[in-house]
$ cat entry-v9.pdb   # PDB, C-alpha atoms
MODEL        1
ATOM      1  CA  VAL A  29      -6.774   4.285 -11.911
ATOM      2  CA  GLY A  30      -4.116   6.853 -12.767
ATOM      3  CA  ASN A  31      -4.821   9.937 -14.839
ATOM      4  CA  VAL A  32      -8.146   8.287 -15.743
ATOM      5  CA  ILE A  33     -10.604   6.142 -13.733
ATOM      6  CA  TYR A  34     -11.953   3.029 -15.471
ATOM      7  CA  HIS A  35     -14.598   0.500 -14.430
ATOM      8  CA  PHE A  36     -14.791  -3.078 -15.726
ATOM      9  CA  ASP A  37     -18.274  -4.636 -15.788
ATOM     10  CA  GLY A  38     -17.119  -8.132 -16.769
ATOM     11  CA  THR A  39     -17.109  -7.373 -20.481
ATOM     12  CA  ASN A  40     -16.123  -3.779 -21.140
ATOM     13  CA  TRP A  41     -13.979  -1.026 -19.622
ATOM     14  CA  THR A  42     -15.682   2.367 -19.338
ATOM     15  CA  GLU A  43     -14.339   5.685 -18.098
ATOM     16  CA  ASN A  44     -15.838   7.159 -14.915
ATOM     17  CA  ARG A  45     -16.411  10.877 -15.569
ATOM     18  CA  ASN A  46     -17.588  11.874 -12.096
ATOM     19  CA  GLN A  47     -16.530  15.481 -11.507
ATOM     20  CA  VAL A  48     -15.059  14.998  -8.019
ATOM     21  CA  LEU A  49     -13.102  11.923  -9.090
ATOM     22  CA  ASN A  50     -11.683  13.712 -12.125
ATOM     23  CA  ASP A  51     -10.863  16.851 -10.137
ATOM     24  CA  ASN A  52      -8.480  14.815  -7.944
ATOM     25  CA  ILE A  53      -6.368  12.943 -10.491
ATOM     26  CA  PRO A  54      -3.804  11.476 -10.722
ATOM     27  CA  TYR A  55      -4.485   8.473  -8.479
ATOM     28  CA  THR A  56      -1.728   6.290  -7.071
ATOM     29  CA  SER A  57      -3.692   3.614  -5.167
ATOM     30  CA  ILE A  58      -7.126   2.039  -4.847
ATOM     31  CA  TRP A  59      -8.855  -0.400  -2.479
ATOM     32  CA  GLY A  60     -12.432  -1.290  -1.622
ATOM     33  CA  THR A  61     -14.928  -3.875  -0.461
ATOM     34  CA  SER A  62     -17.171  -3.535  -3.535
ATOM     35  CA  SER A  63     -17.796  -1.323  -6.569
ATOM     36  CA  SER A  64     -19.987   0.836  -4.325
ATOM     37  CA  ASN A  65     -17.367   1.230  -1.582
ATOM     38  CA  LEU A  66     -14.011   2.265  -3.035
ATOM     39  CA  TYR A  67     -11.180   4.382  -1.668
ATOM     40  CA  LEU A  68      -8.839   6.082  -4.132
ATOM     41  CA  GLY A  69      -5.569   7.682  -2.996
ATOM     42  CA  ASN A  70      -4.017  10.412  -5.103
ATOM     43  CA  GLN A  71      -0.655  12.035  -5.703
ATOM     44  CA  TRP A  72      -1.563  15.011  -3.507
ATOM     45  CA  GLY A  73      -2.145  13.060  -0.291
ATOM     46  CA  LYS A  74      -5.929  12.914  -0.559
ATOM     47  CA  ILE A  75      -8.290   9.939  -0.336
ATOM     48  CA  ILE A  76     -11.532  10.011  -2.296
ATOM     49  CA  HIS A  77     -14.436   7.709  -1.393
ATOM     50  CA  TRP A  78     -16.737   6.390  -4.140
ATOM     51  CA  ASP A  79     -20.116   4.970  -3.035
ATOM     52  CA  GLY A  80     -21.200   3.807  -6.485
ATOM     53  CA  THR A  81     -23.018   7.040  -7.245
ATOM     54  CA  LYS A  82     -21.054   9.972  -5.870
ATOM     55  CA  ALA A  83     -17.528  10.787  -4.711
ATOM     56  CA  THR A  84     -16.488  12.626  -1.546
ATOM     57  CA  VAL A  85     -13.094  13.793  -0.275
ATOM     58  CA  GLU A  86     -12.097  12.114   2.994
ATOM     59  CA  THR A  87     -10.846  14.133   5.976
ATOM     60  CA  ILE A  88      -7.211  13.064   5.873
ATOM     61  CA  THR A  89      -4.130  15.300   5.840
ATOM     62  CA  ALA A  90      -1.253  13.353   4.293
ATOM     63  CA  VAL A  91       1.936  15.214   3.402
ATOM     64  CA  ARG A  92       2.907  12.985   0.449
ATOM     65  CA  GLU A  93       1.099  10.810  -2.076
ATOM     66  CA  ILE A  94      -1.106   7.938  -0.915
ATOM     67  CA  ALA A  95       1.147   5.083  -1.988
ATOM     68  CA  ASP A  96      -1.042   2.175  -0.838
ATOM     69  CA  ILE A  97      -4.413   1.373   0.759
ATOM     70  CA  TRP A  98      -5.418  -1.893   2.411
ATOM     71  CA  GLY A  99      -8.346  -2.874   4.612
ATOM     72  CA  PHE A 100     -10.017  -5.765   6.400
ATOM     73  CA  SER A 101     -13.525  -4.294   6.302
ATOM     74  CA  GLU A 102     -15.296  -1.000   5.722
ATOM     75  CA  ASN A 103     -14.480  -0.098   9.343
ATOM     76  CA  GLU A 104     -10.818  -1.203   9.399
ATOM     77  CA  ILE A 105      -8.740   0.439   6.638
ATOM     78  CA  TYR A 106      -5.083   1.464   6.459
ATOM     79  CA  ALA A 107      -3.358   3.913   4.110
ATOM     80  CA  VAL A 108       0.314   4.681   3.557
ATOM     81  CA  SER A 109       1.642   8.067   2.516
ATOM     82  CA  GLY A 110       5.281   8.237   1.603
ATOM     83  CA  SER A 111       8.122   9.391  -0.589
ATOM     84  CA  VAL A 112      11.323   7.509  -1.382
ATOM     85  CA  LEU A 113      13.054  10.761  -2.364
ATOM     86  CA  ASN A 114      13.010  12.162   1.184
ATOM     87  CA  SER A 115      12.552   8.912   3.142
ATOM     88  CA  TYR A 116       9.257  10.100   4.610
ATOM     89  CA  GLY A 117       6.271   8.051   5.704
ATOM     90  CA  GLU A 118       2.884   8.136   7.429
ATOM     91  CA  LEU A 119       0.546   5.252   8.264
ATOM     92  CA  PHE A 120      -3.140   6.076   8.722
ATOM     93  CA  GLN A 121      -5.991   4.000  10.152
ATOM     94  CA  TYR A 122      -9.716   4.424   9.433
ATOM     95  CA  ASN A 123     -12.258   3.194  12.007
ATOM     96  CA  GLY A 124     -15.415   3.718   9.979
ATOM     97  CA  SER A 125     -15.778   7.411  10.762
ATOM     98  CA  ASP A 126     -12.330   9.019  11.237
ATOM     99  CA  TRP A 127      -8.774   8.734   9.920
ATOM    100  CA  SER A 128      -5.911   8.892  12.425
ATOM    101  CA  THR A 129      -2.119   8.768  12.131
ATOM    102  CA  ILE A 130      -0.742   5.673  13.878
ATOM    103  CA  ARG A 131       2.909   5.562  12.716
ATOM    104  CA  THR A 132       5.394   8.000  11.193
ATOM    105  CA  GLY A 133       8.851   7.632   9.673
ATOM    106  CA  SER A 134      11.742   9.659   8.294
ATOM    107  CA  TYR A 135      15.435   9.285   7.373
ATOM    108  CA  SER A 136      16.087  10.062  11.017
ATOM    109  CA  ASN A 137      13.668   8.675  13.579
ATOM    110  CA  ILE A 138      14.120  11.731  15.797
ATOM    111  CA  ASN A 139      10.566  12.860  16.596
ATOM    112  CA  TYR A 140       9.285   9.969  14.447
ATOM    113  CA  ASP A 141       8.267   6.415  15.291
ATOM    114  CA  THR A 142      10.661   4.675  12.910
ATOM    115  CA  TYR A 143      12.793   5.078   9.778
ATOM    116  CA  GLY A 144      11.175   5.917   6.441
ATOM    117  CA  PRO A 145      10.278   5.837   3.665
ATOM    118  CA  PHE A 146       6.885   4.061   3.776
ATOM    119  CA  SER A 147       5.558   2.482   0.590
ATOM    120  CA  SER A 148       3.031  -0.279   1.316
ATOM    121  CA  VAL A 149       0.734  -1.883   3.904
ATOM    122  CA  TRP A 150      -1.028  -5.261   4.097
ATOM    123  CA  GLY A 151      -2.475  -7.499   6.777
ATOM    124  CA  SER A 152      -3.256 -11.184   7.147
ATOM    125  CA  ASP A 153      -5.851 -10.448   9.860
ATOM    126  CA  ILE A 154      -6.703  -7.602  12.218
ATOM    127  CA  SER A 155      -4.052  -8.742  14.719
ATOM    128  CA  GLU A 156      -1.174  -8.765  12.200
ATOM    129  CA  LEU A 157      -0.218  -5.872   9.942
ATOM    130  CA  TYR A 158       2.798  -5.522   7.626
ATOM    131  CA  LEU A 159       4.357  -2.144   6.804
ATOM    132  CA  VAL A 160       7.040  -1.612   4.176
ATOM    133  CA  ALA A 161       9.248   1.108   5.648
ATOM    134  CA  TYR A 162      13.056   1.363   5.608
ATOM    135  CA  SER A 163      12.813  -2.090   7.186
ATOM    136  CA  ILE A 164       9.995  -4.606   6.864
ATOM    137  CA  GLU A 165       7.848  -4.007   9.934
ATOM    138  CA  ARG A 166       5.135  -6.222  11.387
ATOM    139  CA  ARG A 167       2.601  -5.173  14.018
ATOM    140  CA  ILE A 168       1.352  -7.992  16.231
ATOM    141  CA  ILE A 169      -1.571  -6.637  18.255
ATOM    142  CA  ASP A 170       0.068  -3.352  19.398
ATOM    143  CA  ASN A 171       3.742  -4.371  19.205
ATOM    144  CA  TRP A 172       5.902  -3.477  16.203
ATOM    145  CA  LEU A 173       8.554  -6.033  15.180
ATOM    146  CA  ILE A 174      11.282  -4.799  12.820
ATOM    147  CA  ASP A 175      13.102  -7.099  10.376
ATOM    148  CA  ASN A 176      16.344  -5.567   9.065
ATOM    149  CA  SER A 177      17.135  -8.317   6.549
ATOM    150  CA  TYR A 178      16.578  -6.159   3.470
ATOM    151  CA  ASN A 179      17.241  -2.599   4.591
ATOM    152  CA  THR A 180      19.446  -1.907   1.564
ATOM    153  CA  GLU A 181      16.728  -2.959  -0.903
ATOM    154  CA  ILE A 182      14.265  -0.481  -2.429
ATOM    155  CA  LYS A 183      10.973  -2.098  -1.470
ATOM    156  CA  ASP A 184       7.664  -1.092  -3.051
ATOM    157  CA  ARG A 185       4.819  -3.500  -2.285
ATOM    158  CA  VAL A 186       3.771  -6.115   0.273
ATOM    159  CA  ARG A 187       0.943  -8.606  -0.232
ATOM    160  CA  GLY A 188       0.140 -12.115   0.959
ATOM    161  CA  SER A 189      -2.527 -14.750   1.395
ATOM    162  CA  ALA A 190      -1.771 -15.717   5.018
ATOM    163  CA  SER A 191       0.656 -14.907   7.828
ATOM    164  CA  ASN A 192       3.005 -17.629   6.518
ATOM    165  CA  ASN A 193       2.761 -16.621   2.844
ATOM    166  CA  VAL A 194       3.867 -12.997   2.448
ATOM    167  CA  PHE A 195       5.757 -11.421  -0.455
ATOM    168  CA  VAL A 196       7.575  -8.116  -0.864
ATOM    169  CA  CYS A 197       8.837  -6.771  -4.194
ATOM    170  CA  GLY A 198      10.704  -3.700  -5.373
ATOM    171  CA  ALA A 199      13.493  -2.245  -7.496
ATOM    172  CA  TYR A 200      16.331  -4.124  -9.225
ATOM    173  CA  GLY A 201      14.276  -7.319  -9.444
ATOM    174  CA  PHE A 202      13.911  -7.673  -5.673
ATOM    175  CA  ILE A 203      11.445 -10.316  -4.411
ATOM    176  CA  ALA A 204      11.331 -11.806  -0.896
ATOM    177  CA  HIS A 205       9.007 -14.407   0.651
ATOM    178  CA  PHE A 206       8.159 -14.852   4.340
ATOM    179  CA  ASN A 207       7.019 -18.335   5.413
ATOM    180  CA  GLY A 208       6.035 -17.327   8.936
ATOM    181  CA  VAL A 209       9.521 -18.012  10.332
ATOM    182  CA  ASP A 210      12.114 -16.456   8.025
ATOM    183  CA  TRP A 211      12.553 -14.629   4.720
ATOM    184  CA  ARG A 212      13.971 -15.978   1.452
ATOM    185  CA  LYS A 213      15.159 -13.686  -1.319
ATOM    186  CA  TYR A 214      14.498 -14.249  -5.028
ATOM    187  CA  SER A 215      15.988 -12.191  -7.829
ATOM    188  CA  LEU A 216      14.798 -11.291 -11.289
ATOM    189  CA  SER A 217      16.704  -9.155 -13.766
ATOM    190  CA  GLN A 218      18.521  -6.200 -12.201
ATOM    191  CA  GLN A 219      16.783  -4.123 -14.883
ATOM    192  CA  ALA A 220      13.322  -4.882 -13.462
ATOM    193  CA  THR A 221      11.379  -2.465 -11.258
ATOM    194  CA  LEU A 222       8.541  -4.396  -9.606
ATOM    195  CA  LEU A 223       5.588  -2.281  -8.462
ATOM    196  CA  GLY A 224       2.444  -4.420  -8.208
ATOM    197  CA  LEU A 225       1.900  -7.683  -6.368
ATOM    198  CA  GLN A 226      -0.998 -10.084  -5.786
ATOM    199  CA  VAL A 227      -0.769 -13.376  -3.895
ATOM    200  CA  PHE A 228      -3.069 -16.392  -3.928
ATOM    201  CA  ASN A 229      -2.442 -19.699  -2.140
ATOM    202  CA  ASN A 230       0.140 -21.054  -4.578
ATOM    203  CA  GLN A 231       0.310 -18.362  -7.255
ATOM    204  CA  VAL A 232       1.974 -14.952  -7.206
ATOM    205  CA  PHE A 233       1.567 -12.263  -9.855
ATOM    206  CA  ILE A 234       4.014  -9.355 -10.023
ATOM    207  CA  VAL A 235       3.988  -6.462 -12.489
ATOM    208  CA  GLY A 236       6.382  -3.650 -13.255
ATOM    209  CA  TYR A 237       8.746  -2.524 -16.001
ATOM    210  CA  ASP A 238      12.355  -2.794 -17.120
ATOM    211  CA  GLN A 239      14.843  -0.170 -18.230
ATOM    212  CA  ASN A 240      13.868  -0.725 -21.864
TER     213      ASN A 240
ENDMDL
END
$ encode --input "entry-v9.pdb" --output "structure tokens"
Amino acid sequence: VGNVIYHFDGTNWTENRNQVLNDNIPYTSIWGTSSSNLYLGNQWGKIIHWDGTKATVETITAVREIADIWGFSENEIYAVSGSVLNSYGELFQYNGSDWSTIRTGSYSNINYDTYGPFSSVWGSDISELYLVAYSIERRIIDNWLIDNSYNTEIKDRVRGSASNNVFVCGAYGFIAHFNGVDWRKYSLSQQATLLGLQVFNNQVFIVGYDQN
């Protein structure tokens, strides 16, 4: 997704020309349980649901773009709205019928829950949720734990395969791995901006671009 929505059927990529989907471009995030249950977040703070046949606009009021969506099931979904430029962030939760705001952030945490910006969300299971904010935050049940190890880094994405195999990536070649106890930093070229991340048991794929 982006300015166009494509579907891959195993052989070919085809453009989805649904009117509602195309009326809400550009998209900045996507997540789903199947090709008939997809959630697409756009630059204008909206989430569009695709059921395989039609698209509907979800009842969510985000102030900034939907930077990331992650879920455990069709009744347990999280979405992050945020902007690095003004250090703002919102974390939303979907329970199968309604979206609610569960955490907010800004450059000053006055009247907010924590420090922004927010850029990504991922969970190993329903009892453990990771949020990329100004710090790397982890919710265990209902308690938020804040790790300040990489506050000076510009962090963009968090993904993992288990609670002891979590990666975060971002600007200037930043990569960090959490083994369940502590974090270890890796570095690529300072020219690299790393935006996308997928983790399997012993393989990690990261995509982005360099200054060239």
$ resolve_selection --input "entry-v9.pdb" --expression "the PyMOL selection byres ((chain A and resi 166) around 12)" --output "VMD selection string"
chain A and resid 148 to 161 163 to 165 167 to 176 186 191 194 206 208
$ resolve_selection --input "entry-v9.pdb" --expression "the PyMOL selection byres ((chain A and resi 216) around 12)" --output "count of residues only"
22
$ atom_distance --input "entry-v9.pdb" --atom1 "atom CA of A:Val91" --atom2 "atom CA of A:Glu181"
23.8 Å
$ atom_distance --input "entry-v9.pdb" --atom1 "atom CA of A:Pro145" --atom2 "atom CA of A:Tyr34"
29.5 Å
$ resolve_selection --input "entry-v9.pdb" --expression "the PyMOL selection byres ((chain A and resi 101-116) around 9)" --output "PDB file with C-alpha atoms, in the frame of the given file"
ATOM      1  CA  GLY A  60     -12.432  -1.290  -1.622  1.00  0.00           C
ATOM      2  CA  THR A  61     -14.928  -3.875  -0.461  1.00  0.00           C
ATOM      3  CA  ASN A  65     -17.367   1.230  -1.582  1.00  0.00           C
ATOM      4  CA  GLY A  69      -5.569   7.682  -2.996  1.00  0.00           C
ATOM      5  CA  GLY A  73      -2.145  13.060  -0.291  1.00  0.00           C
ATOM      6  CA  ILE A  75      -8.290   9.939  -0.336  1.00  0.00           C
ATOM      7  CA  ALA A  90      -1.253  13.353   4.293  1.00  0.00           C
ATOM      8  CA  VAL A  91       1.936  15.214   3.402  1.00  0.00           C
ATOM      9  CA  ARG A  92       2.907  12.985   0.449  1.00  0.00           C
ATOM     10  CA  GLU A  93       1.099  10.810  -2.076  1.00  0.00           C
ATOM     11  CA  ILE A  94      -1.106   7.938  -0.915  1.00  0.00           C
ATOM     12  CA  ALA A  95       1.147   5.083  -1.988  1.00  0.00           C
ATOM     13  CA  ASP A  96      -1.042   2.175  -0.838  1.00  0.00           C
ATOM     14  CA  ILE A  97      -4.413   1.373   0.759  1.00  0.00           C
ATOM     15  CA  TRP A  98      -5.418  -1.893   2.411  1.00  0.00           C
ATOM     16  CA  GLY A  99      -8.346  -2.874   4.612  1.00  0.00           C
ATOM     17  CA  PHE A 100     -10.017  -5.765   6.400  1.00  0.00           C
ATOM     18  CA  GLY A 117       6.271   8.051   5.704  1.00  0.00           C
ATOM     19  CA  GLU A 118       2.884   8.136   7.429  1.00  0.00           C
ATOM     20  CA  LEU A 119       0.546   5.252   8.264  1.00  0.00           C
ATOM     21  CA  PHE A 120      -3.140   6.076   8.722  1.00  0.00           C
ATOM     22  CA  GLN A 121      -5.991   4.000  10.152  1.00  0.00           C
ATOM     23  CA  TYR A 122      -9.716   4.424   9.433  1.00  0.00           C
ATOM     24  CA  ASN A 123     -12.258   3.194  12.007  1.00  0.00           C
ATOM     25  CA  GLY A 124     -15.415   3.718   9.979  1.00  0.00           C
ATOM     26  CA  SER A 125     -15.778   7.411  10.762  1.00  0.00           C
ATOM     27  CA  TRP A 127      -8.774   8.734   9.920  1.00  0.00           C
ATOM     28  CA  THR A 132       5.394   8.000  11.193  1.00  0.00           C
ATOM     29  CA  GLY A 133       8.851   7.632   9.673  1.00  0.00           C
ATOM     30  CA  SER A 134      11.742   9.659   8.294  1.00  0.00           C
ATOM     31  CA  TYR A 135      15.435   9.285   7.373  1.00  0.00           C
ATOM     32  CA  SER A 136      16.087  10.062  11.017  1.00  0.00           C
ATOM     33  CA  TYR A 143      12.793   5.078   9.778  1.00  0.00           C
ATOM     34  CA  GLY A 144      11.175   5.917   6.441  1.00  0.00           C
ATOM     35  CA  PRO A 145      10.278   5.837   3.665  1.00  0.00           C
ATOM     36  CA  PHE A 146       6.885   4.061   3.776  1.00  0.00           C
ATOM     37  CA  SER A 147       5.558   2.482   0.590  1.00  0.00           C
ATOM     38  CA  SER A 148       3.031  -0.279   1.316  1.00  0.00           C
ATOM     39  CA  VAL A 149       0.734  -1.883   3.904  1.00  0.00           C
ATOM     40  CA  TRP A 150      -1.028  -5.261   4.097  1.00  0.00           C
ATOM     41  CA  ILE A 154      -6.703  -7.602  12.218  1.00  0.00           C
ATOM     42  CA  LEU A 159       4.357  -2.144   6.804  1.00  0.00           C
ATOM     43  CA  ALA A 161       9.248   1.108   5.648  1.00  0.00           C
ATOM     44  CA  TYR A 162      13.056   1.363   5.608  1.00  0.00           C
ATOM     45  CA  ILE A 182      14.265  -0.481  -2.429  1.00  0.00           C
TER      46      ILE A 182
END
$ atom_distance --input "entry-v9.pdb" --atom1 "atom CA of A:Ile88" --atom2 "atom CA of A:His35"
25.0 Å
$ axis_aligned_box --input "entry-v9.pdb" --around "stretch 115-134 of chain A" --padding-each-side "4 Å" --output "JSON"
{"center_x": -1.6, "center_y": 6.6, "center_z": 8.5, "size_x": 36.3, "size_y": 14.9, "size_z": 18.7}
$ residues_around --input "entry-v9.pdb" --residues "A:Asn44" --least-positions-apart "3" --cutoff "12 Å" --atoms "only C-alpha atoms" --output "PDB file with C-alpha atoms, keeping the file's coordinate frame"
ATOM      1  CA  VAL A  29      -6.774   4.285 -11.911  1.00  0.00           C
ATOM      2  CA  GLY A  30      -4.116   6.853 -12.767  1.00  0.00           C
ATOM      3  CA  ASN A  31      -4.821   9.937 -14.839  1.00  0.00           C
ATOM      4  CA  VAL A  32      -8.146   8.287 -15.743  1.00  0.00           C
ATOM      5  CA  ILE A  33     -10.604   6.142 -13.733  1.00  0.00           C
ATOM      6  CA  TYR A  34     -11.953   3.029 -15.471  1.00  0.00           C
ATOM      7  CA  HIS A  35     -14.598   0.500 -14.430  1.00  0.00           C
ATOM      8  CA  PHE A  36     -14.791  -3.078 -15.726  1.00  0.00           C
ATOM      9  CA  TRP A  41     -13.979  -1.026 -19.622  1.00  0.00           C
ATOM     10  CA  GLN A  47     -16.530  15.481 -11.507  1.00  0.00           C
ATOM     11  CA  VAL A  48     -15.059  14.998  -8.019  1.00  0.00           C
ATOM     12  CA  LEU A  49     -13.102  11.923  -9.090  1.00  0.00           C
ATOM     13  CA  ASN A  50     -11.683  13.712 -12.125  1.00  0.00           C
ATOM     14  CA  ASP A  51     -10.863  16.851 -10.137  1.00  0.00           C
ATOM     15  CA  ILE A  53      -6.368  12.943 -10.491  1.00  0.00           C
ATOM     16  CA  TRP A  78     -16.737   6.390  -4.140  1.00  0.00           C
ATOM     17  CA  GLY A  80     -21.200   3.807  -6.485  1.00  0.00           C
ATOM     18  CA  THR A  81     -23.018   7.040  -7.245  1.00  0.00           C
ATOM     19  CA  LYS A  82     -21.054   9.972  -5.870  1.00  0.00           C
ATOM     20  CA  ALA A  83     -17.528  10.787  -4.711  1.00  0.00           C
TER      21      ALA A  83
END
